[in-house]
Structures are given as structure tokens and as C-alpha cells.
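run-v3.cif (mmCIF, C-alpha atoms and all ligand atoms)
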```cif
data_run
loop_
_atom_site.label_atom_id
_atom_site.label_comp_id
_atom_site.auth_asym_id
_atom_site.auth_seq_id
_atom_site.Cartn_x
_atom_site.Cartn_y
_atom_site.Cartn_z
CA MET W 13 -48.15 -51.39 34.30
CA ARG W 14 -50.17 -48.48 32.99
CA ARG W 15 -47.64 -46.08 34.53
CA VAL W 16 -44.84 -47.85 32.68
CA HIS W 17 -46.68 -47.38 29.37
CA LEU W 18 -47.34 -43.75 30.18
CA ALA W 19 -43.70 -43.17 31.13
CA ALA W 20 -42.51 -44.88 27.95
CA GLY W 21 -44.86 -42.75 25.87
CA ILE W 22 -43.67 -39.56 27.51
CA ALA W 23 -40.05 -40.63 27.12
CA ARG W 24 -40.51 -41.09 23.35
CA TYR W 25 -41.79 -37.53 23.04
CA VAL W 26 -39.08 -36.08 25.27
CA TRP W 27 -36.32 -38.03 23.48
CA ALA W 28 -37.50 -36.71 20.10
CA ALA W 29 -38.38 -33.23 21.40
CA PRO W 30 -35.26 -31.42 20.08
CA CYS W 31 -36.07 -32.69 16.58
CA THR W 32 -39.73 -31.76 17.00
CA ALA W 33 -38.69 -28.26 18.11
CA ILE W 34 -36.57 -27.84 14.98
CA GLY W 35 -39.49 -28.95 12.83
CA LEU W 36 -41.80 -26.47 14.52
CA CYS W 37 -39.28 -23.63 14.07
CA LEU W 38 -38.84 -24.46 10.39
CA VAL W 39 -42.55 -24.59 9.66
CA ALA W 40 -43.68 -21.72 11.91
CA PRO W 41 -43.43 -19.01 9.20
CA ALA W 42 -45.72 -21.08 6.98
CA PHE W 43 -48.59 -20.49 9.37
CA LEU W 44 -48.43 -16.78 8.54
CA PHE W 45 -49.40 -17.75 5.01
CA GLY W 46 -52.19 -20.11 5.89
CA ALA W 47 -50.56 -23.50 6.38
CA THR W 48 -52.78 -25.81 8.38
CA ALA W 49 -51.94 -28.29 11.11
CA ARG W 50 -53.68 -31.11 12.88
CA LEU W 51 -52.76 -33.88 15.28
CA VAL W 52 -52.81 -37.34 13.70
CA ASP W 53 -51.49 -40.54 15.28
CA GLY W 54 -49.47 -38.59 17.83
CA ALA W 55 -47.76 -36.34 15.29
CA ILE W 56 -48.43 -32.77 14.18
CA GLU W 57 -49.18 -32.89 10.48
CA VAL W 58 -48.68 -29.61 8.61
CA ALA W 59 -50.07 -29.05 5.11
CA LEU W 60 -48.31 -26.25 3.25
CA SER W 61 -50.83 -26.16 0.40
CA ALA W 62 -52.14 -22.74 1.41
CA PHE W 63 -48.81 -21.39 0.12
CA LYS W 64 -50.18 -21.84 -3.38
CA SER W 65 -52.21 -18.66 -2.91
CA SER W 66 -49.10 -16.74 -1.81
CA ASN W 67 -47.13 -17.58 -4.97
CA PHE W 68 -44.68 -19.66 -2.94
CA PRO W 69 -43.27 -22.26 -5.34
CA LEU W 70 -44.22 -25.47 -3.53
CA GLY W 71 -42.94 -27.41 -6.52
CA ALA W 72 -39.46 -26.07 -5.78
CA LEU W 73 -39.35 -27.92 -2.48
CA PRO W 74 -37.15 -31.03 -2.67
CA PHE W 75 -39.78 -33.16 -0.92
CA ASN W 76 -43.46 -34.01 -0.89
CA ALA W 77 -43.27 -34.66 2.84
CA ILE W 78 -40.56 -34.52 5.48
CA THR W 79 -40.51 -35.42 9.17
CA PHE W 80 -38.76 -33.77 12.11
CA GLY W 81 -39.47 -35.62 15.33
CA HIS W 82 -43.22 -35.51 15.79
CA VAL W 83 -43.76 -32.90 13.06
CA VAL W 84 -44.65 -34.07 9.57
CA ILE W 85 -44.58 -31.35 6.91
CA ALA W 86 -46.11 -31.98 3.49
CA THR W 87 -46.91 -29.93 0.45
CA SER W 88 -50.63 -30.72 0.78
CA GLN W 89 -53.21 -32.62 2.77
CA THR W 90 -53.36 -35.12 -0.09
CA GLU W 91 -49.64 -35.83 0.32
CA LEU W 92 -50.07 -36.16 4.10
CA ASP W 93 -52.81 -38.74 3.54
CA ARG W 94 -50.82 -40.59 0.87
CA LEU W 95 -47.52 -40.68 2.76
CA ARG W 96 -48.80 -41.06 6.34
CA GLY W 97 -47.53 -44.63 6.81
CA HIS W 98 -44.08 -43.76 5.51
CA GLU W 99 -43.77 -40.57 7.56
CA GLN W 100 -45.10 -42.29 10.68
CA ALA W 101 -42.28 -44.81 10.23
CA HIS W 102 -39.86 -41.87 10.34
CA VAL W 103 -41.60 -40.62 13.50
CA ARG W 104 -40.90 -44.03 15.09
CA GLN W 105 -37.26 -43.71 13.98
CA TYR W 106 -36.98 -40.31 15.67
CA GLU W 107 -38.50 -41.82 18.80
CA ARG W 108 -35.76 -44.44 18.76
CA TRP W 109 -32.79 -42.29 17.73
CA GLY W 110 -33.73 -38.90 19.14
CA VAL W 111 -31.40 -36.09 18.10
CA PHE W 112 -28.88 -38.67 16.88
CA PHE W 113 -31.19 -39.22 13.91
CA PHE W 114 -29.82 -35.94 12.49
CA VAL W 115 -26.41 -37.62 12.30
CA ALA W 116 -27.46 -41.20 11.58
CA TYR W 117 -29.68 -40.37 8.60
CA PRO W 118 -27.06 -38.39 6.62
CA ALA W 119 -24.41 -40.94 7.63
CA ALA W 120 -26.58 -43.70 6.15
CA SER W 121 -26.90 -41.70 2.93
CA LEU W 122 -23.15 -41.02 2.85
CA TRP W 123 -22.49 -44.72 3.33
CA GLN W 124 -24.64 -45.51 0.31
CA LEU W 125 -22.91 -42.81 -1.74
CA LEU W 126 -19.48 -44.18 -0.84
CA ARG W 127 -20.68 -47.56 -2.09
CA CYS W 128 -21.72 -45.94 -5.40
CA ARG W 129 -25.38 -46.44 -4.55
CA ARG W 130 -28.22 -43.95 -4.49
CA PRO W 131 -28.04 -42.09 -1.19
CA TYR W 132 -31.79 -41.58 -0.77
CA ILE W 133 -33.17 -44.83 -2.13
CA GLY W 134 -30.50 -46.94 -0.46
CA ASN W 135 -30.56 -45.15 2.89
CA TRP W 136 -31.63 -47.87 5.31
CA PHE W 137 -33.92 -45.51 7.20
CA GLU W 138 -35.78 -44.99 3.93
CA VAL W 139 -35.69 -48.70 3.18
CA GLN W 140 -37.20 -49.39 6.61
CA ALA W 141 -39.85 -46.73 6.13
CA ARG W 142 -40.79 -48.07 2.68
CA GLU W 143 -41.05 -51.59 4.02
CA GLY W 144 -42.94 -50.43 7.11
CA ARG W 145 -40.51 -52.27 9.41
CA SER W 146 -40.14 -49.29 11.68
CA ASN W 147 -43.87 -48.71 11.77
CA GLU W 148 -44.40 -50.88 14.81
CA PRO W 149 -47.70 -50.49 16.62
CA ARG W 150 -47.55 -48.13 19.54
CA GLU W 151 -48.31 -49.30 23.01
CA ALA W 152 -51.61 -48.01 24.31
ZN ZN W 201 -38.75 -41.22 3.93
#
```

Go ahead and render the structure in this file as C-alpha cells.
Ligand SMILES: [Zn+2]
Amino acid sequence: MRRVHLAAGIARYVWAAPCTAIGLCLVAPAFLFGATARLVDGAIEVALSAFKSSNFPLGALPFNAITFGHVVIATSQTELDRLRGHEQAHVRQYERWGVFFFVAYPAASLWQLLRCRRPYIGNWFEVQAREGRSNEPREA
């Protein structure tokens, strides 16, 4: 039984690995300017706040936090702490959808837009994350 849990855990990481790799590639340059990272709840959390000292306009970013597979990128450690539950819900979604999340998420936003609704707020991945429905407990 323990092997099944281990295999399922590995499969979740492998399934989401292409998305995680994209997240790591996107955030890699930030480490040259002092961004920090740590492992929390099975995800790599990256705080960009060190950019403040490099005159990078963090306020210009269109997000406070964003998730790519098992990489959560936020403007600061405070935002990582504040949004952890929401972003962990997105991690669970990546574990379920894998690379198809990159199609499903924009499609869900487009669907809302076509229905004259707000594409971000109405996106059902965001609705799930806000309601914590996709934040199921992980198997040990
Ligand atoms: Zn979200």
C-alpha cells in the first residue's frame, strides 16, 4: 500500500513536471537579483521581493502570486503566506490536469468571456481555488 502512495505521489510530480519546468525557467533570472525560494507543502515557493532593491517594478506585475506546476511565484513572502491556500489549490489542479492546464485554464476564462462574465473571477479553476474545493488533503 505504501508503494502505491509513493507511486501516486511521484506520478503527480511527473505529470505536472512540464509546467513546473516552465515556472522554473520563468523565475530563474529573478534569482540573479536576489529572489528567494523555499520548499513548502511540496511546492517551491519563490518570493520576488528582493527585486525591490533592483528597481524592478514589482507593482507592474499583473499578479500577487502565480503558480506553474509545483512552482509558486509571489511578489513577496507576505503574499506567499497570505495566498498559500489558494495557490496550493492551483498546485492540486496542475497535478490533476498536467500540461493540459495550460489549455484548460484559458479556455475556462474564454468561456466566461463569451458569456459576458468576468474571465478571471468566473473562471471555474479560480472559483475552485477560492472555495478550497481543489485543496484536497494529500495522501501521506
Ligand atoms: Zn488563482

| task | Quick one: everything within 7 Å of stretch 28-43 of chain W, counting only C-alpha atoms, minus sequence neighbours fewer than 4 positions away in the same chain. Send it as a list of chain:residue names. | result | W:Arg24, W:Ala47, W:Thr48, W:Leu60, W:Phe80, W:Gly81, W:His82, W:Val83, W:Tyr106, W:Glu107, W:Gly110, W:Val111

| With distances taken over only C-alpha atoms and all ligand atoms, which of W:Ala19, W:Ala72, W:Cys128, W:Val84 is nearest to ligand ZN 201 (chain W)? |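 Nearest to ligand ZN 201 (chain W): W:Val84.
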
| Selection as a PyMOL selection string: residues within 9 Å of (-29.9, -43.8, -0.5), counting all atoms listed in the file | chain W and resi 120-125+129-139

| query | Using only C-alpha atoms and all ligand atoms, which residue out of W:Arg108, W:Val115, W:Arg127, W:His98 lies closest to ligand ZN 201 (chain W)? | reply | W:His98

| query | Which of these residues is nearest to W:Trp109, using all atoms listed in the file: W:Ile85, W:Val52, W:Val26, W:Leu126? | reply |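 Looking at the shortest contact to W:Trp109, the residue is W:Val26.
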
| Å distance separating atom CA of W:Asp53 from atom ZN of ligand ZN 201 (chain W), one decimal place |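 Going from atom CA of W:Asp53 over to atom ZN of ligand ZN 201 (chain W), I get 17.1 Å.
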
| message | Here is a test: counting all atoms listed in the file, which residue of W:Val16, W:Leu95, W:Ile56, W:Ala101 is nearest to W:Phe75? | response |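 Among the listed residues, W:Leu95 lies closest to W:Phe75.
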
Hey, what's within 8 Å of W:Ala49 if we count only C-alpha atoms and toss same-chain stuff fewer than 5 positions away? As a PDB file with C-alpha atoms, in the coordinates of the input, please?
```pdb
ATOM      1  CA  ILE W  56     -48.430 -32.770  14.180  1.00  0.00           C
ATOM      2  CA  GLU W  57     -49.180 -32.890  10.480  1.00  0.00           C
ATOM      3  CA  VAL W  58     -48.680 -29.610   8.610  1.00  0.00           C
ATOM      4  CA  ALA W  59     -50.070 -29.050   5.110  1.00  0.00           C
TER       5      ALA W  59
END
```

| How many Å separate atom CA of W:Ser61 from atom CA of W:Ser88? |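 We find that atom CA of W:Ser61 and atom CA of W:Ser88 lie 4.6 Å from each other.
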
| message | Just the number, please: distance in Å from atom CA of W:His102 to atom CA of W:Gly21, one decimal. | response |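 According to the coordinates, atom CA of W:His102 and atom CA of W:Gly21 are separated by 16.3 Å.
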
| request: For each of W:Ile78, W:Leu92, W:Ala23, W:Ala116, take the minimum atom-to-atom distance to ligand ZN 201 (chain W), counting all atoms listed in the file, then give the residue where this is smallest. | output: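 Checking each candidate against ligand ZN 201 (chain W), we get W:Ile78 as the closest.
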
| message | Restricting the calculation to all atoms listed in the file: of W:Leu18, W:Gln89, W:Ala77, W:Arg104, which residue gets closest to ligand ZN 201 (chain W)? | response |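 Closest residue, counting all atoms listed in the file: W:Ala77.
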